[in-house]
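First the structure, in the form of structure tokens, and then the observations on it.
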Amino acid sequence: MMNFRRLSGNKPGKTVYVSFRLPYYTHWGQSLLVCGSEPVLGSWDVKKGLLLKPVHRGDELICYYVVNDDRKVLRWEAGKKRKLVLPEVIEHGEVVELHDLWQTGSEALPFTSAFKNVIFRGTWTLDIERPLGIIQNTLNTEDSVIVHFKICCPNIEKDTSVYVIGHPLKLGRWKVQDGLKLDYAGESIWQADCVMQKDDFPMRYPFKYVKCGRNGRLSVETGFRELSMDDSNGPPKYIFVSDGMLKEPPWRGAGVAIPMFSIRTEADLGVGEFLDLKLLVDWAVDSGFHLIQLLPVNDTSVHRMWWDSYPYSSLSVFALHPLYLRVQALSSNIPEEVKQEILKAKDKLDGKDVDYEATMATKLSIAKKIFYLEKDLILNSTAFQKFFSENEDWLKPYAAFCFLRDFFETSDRSEWGRFSLYSKDKLDKLVSKDSTHYDIICFHYYIQYHLHLQLLEAAEYARKNRVVLKGDLPIGVDRNSVDTWVYPNLFRMNTSTGAPPDYFDKNGQNWGFPTYNWEEMSKDNYAWWRARLSQMAKYFTAYRIDHILGFFRIWELPEHAMTGLVGKFRPSIPLSQEEIEREGIWDFDRLSRPYIRQKFLQDKFGTSWTFIASNFLNEYQKQRYEFKEDCNTEKKIASKLRSCAEGSLLSESEDKIRLDLFALLQNIVLIRDPEDAKKFYPRFNLEDTSSFKDLDDHSKNVLKRLYYDYYFHRQEDLWRHNALKTLPVLLNSSDMLACGEDLGLIPSCVHPVMQELGLIGLRIQRMPSEPGLEFGIPSQYGYMTVCAPSCHDCSTMRAWWEEDEERRRRFFKTVVRSDELPPSQCVPEVAEFIIQQHVEAPSMWAIFPLQDLLALKKEYTTRPAAEETINDPTNPKHYWRYRVHVTLESLLKDKELKTTIGELVHCSGRAYPLVGETEAVIPEKQHATAIHEKSPSAVQLNGAP
């Protein structure tokens, strides 16, 4: 408990002395500071805030901060700013005590649309019984004090009351029927006040809140709270107890994950469609799932070929993908010949996998025929005009880009002549009603309008059925996208985004996206990001932040790189030449240039080494080589090798030679900064290079120490500060529930920041974040996590089980705790064991790829397991085309599978979707009305520690 002082407000009128009390453990050199909207609290200037001092009468917002001696903010409260309401009945000169609790990010989760508008939907329609700031009681004696209780209870069913009970007589002597009943004040806040005598405060008194539902069913919060009074600054007349969240067993739910394109129904045209989500919602509800998770659904039509199946390479971060359009729903007056065309296309496209190119071509062709039949009717309608006016800022550039892409037959705008550079004037002429191609522009408007209507219909259906629809926010955009065309200043176009070596790929990944120019984005308070999140929130109530590490730092590669190995983090603090020289190392050319000796060439290329040397290398010292100018980057090597391979008799394959040449190019220890020749970055895994192994022991020891410092120590404060600048902007741009994909090489600053901001992390059992473990332990996961047995970036549970016999045995011994020989196939019993582990985990969400759930029934495992994998992260040109081999209609009829899944979810204590007026499943009725607990226990406040 921090010491507090009192100070009078400086406005004329009443003066009220307010003491702030906040339990919080600080470290040496830290102080707690309160800052608020009024001048007496610093007018939101932390430097002028007060160290838990005063406030005056009236309404104002406040927030607590942790600061050091220089008042530099070290931490601030998450969630909404508090509103302090001091009633008019408080007399001049009186003392008020405010008992507060520090707000964590997780306490704001019930106010996200996923909970507020979907899961806890009924709570938010209650009638207000008494607004905040209204005190019902009056002081009756000199020794009396009014205690005002306030609690947030976002999860409450119809006809439920809230009580506060405790030892004092006014709190019922622990009897619920005699306790203090609270009134609803709106926004899930319940409040009540009572008059107590100061003699009731000789010591700390425990108390707790209770929910009393229909038929007297009780839900008593876990643990104890304490009520006390400190009169060292004068006895208070009013005590305002702001108790945060009701302490309930944390809410836990389950969900299913499937890419939009993978869904199969009897009505689809070769690929999953937005309206198919309604059937998936029905199946989710029947199976006990509260959530459906999708991959990105933005338009990716950059190349107009199957490469565009990659859902993370957005053509536009605002436009929806035409692939997911249901052409049958475009009009109620489709001509008979078009209907027959749709039926024929349906038979032709109903394959094992998605035929991306044929499906796109067919849908756009059919949609165009319907468009020309009714374009005037649609484009002049009130509904379309409203859609257009709300979206024209991105819709016009998108339509113009699509027209130019098709006209020039490329998305590479450098080939667009005068249109290569975007301008508002050029855009207005392109989309002008007087232009000869105006119908083509309007066709793109038309497609986006219907996609909007169809996804919105599915999203509203999900909300109505209390199912959270979870979208995906890709970390990057394609370098040939609408966004880089319109906002080139927001991107570093001479760089490429990727990931350092990790579980997915030992050579790192190169996604090809340009990195963000965060400095430029900050100038308008990240308006592009805010607009992007606002657009997503029209359809989704939760979202996954792809590669959340990118908001701390991104793995940046030069634009000419093809692999992801030789990169650096942006931002990061490089090694300076002076810093390295102080350690006794001076030969920077030796360390930063490819280290190529004749012996390496002979070992790698055998008898072909002379051909390689003469075509790709120069001998600048005896038996020492460097790459020629025309092949000194990975892209140049690939290009030259193609031309050499066509006219040579090389004994090795082109792919192997290319990788071997790349390895020579990557055989460096330090990466020289292209913008400052006196700054360097340690190459990832530098100890694995022959360049490092040939160094003297002193140089090796120095470079190992500098490497460790660069990757694991010196950047932490910088990366934490970077994330706390950008992530709050995203989180405050919408009311969606945010989850972060935090797999890979995790800096130590990441999880504390995520916890502080209320971001939910991801746990995959085969990729444990704990050092020294081969398999994660779901029973030990934290509450603020999503747990899953697999994800779209790795093999399915069934394929993983069958890939490696020795690993399978280790899993059976250490996780199943059996010395028996495990089955070679992932039989339903194995699938059920793994899924049960996850549904019983403490994680807020257990989300299962649909393929993993189908493994619970033998008849759904006839397809080879490897074919169910959605993505191969090691292959930058992977074809994303997996389709579930069973229709949703069939799954809806499969009572056995739904029952199996439902029992797993129900027995784990996870919540079920409640549709209509159905009452929640409440634990066994507590008949006793007197509650006695010996000692408080560690609890979570709706998930907040």
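Following the order of the structure tokens, first chain is A, next is B, and so on, with residues numbered from 1 inside each chain and ligands from 1 in the order they appear.
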### Task
Within region 264-346 of chain A, find each residue whose DSSP state, derived from the backbone, is helix (DSSP H, G or I), and express the selection as number ranges by chain.
A: 274-287, 306-309, 322-324, 327-329, 336-346
### Task
Identify all residues of region 463-578 of chain A in strand (DSSP E) (DSSP on the backbone) and supply them as an NGL selection string.
:A and (468-473 or 491-492 or 495-499 or 509-510 or 515-516 or 542-545 or 554-558 or 568-570 or 575-576)
### Task
May I ask which of the residues A:Leu665, A:Val34, A:Met797, A:Ser572 is the closest one to Asp709 (chain A), counting only C-alpha atoms?
A:Ser572
### Query
Residues at most 8 Å from region 632-634 of chain A, counting only C-alpha atoms, excluding those fewer than 2 positions away in the same chain, as a VMD selection string?
chain A and resid 560 to 563 627 to 630 636 to 638 662 665
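Taking only C-alpha atoms into account, Val839 (chain A) lies nearest to A:Gly902 out of the set A:Pro514, A:Gly902, A:Pro474, A:Pro250.
Atom pair CA of Asp603 (chain A) / CA of Ser643 (chain A) has a distance of 23.8 Å (rounded to one decimal).
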### Message
With only C-alpha atoms as the counted atoms, please give the residues lying no more than 10 Å from region 360-375 of chain A, apart from itself and same-chain residues fewer than 2 positions off, as a PyMOL selection string.
### Response
chain A and resi 269-271+301+304-306+321-328+330-331+333-335+338-339+341-342+345-346+349+355-358+377-381+439-440+442-444+446-447
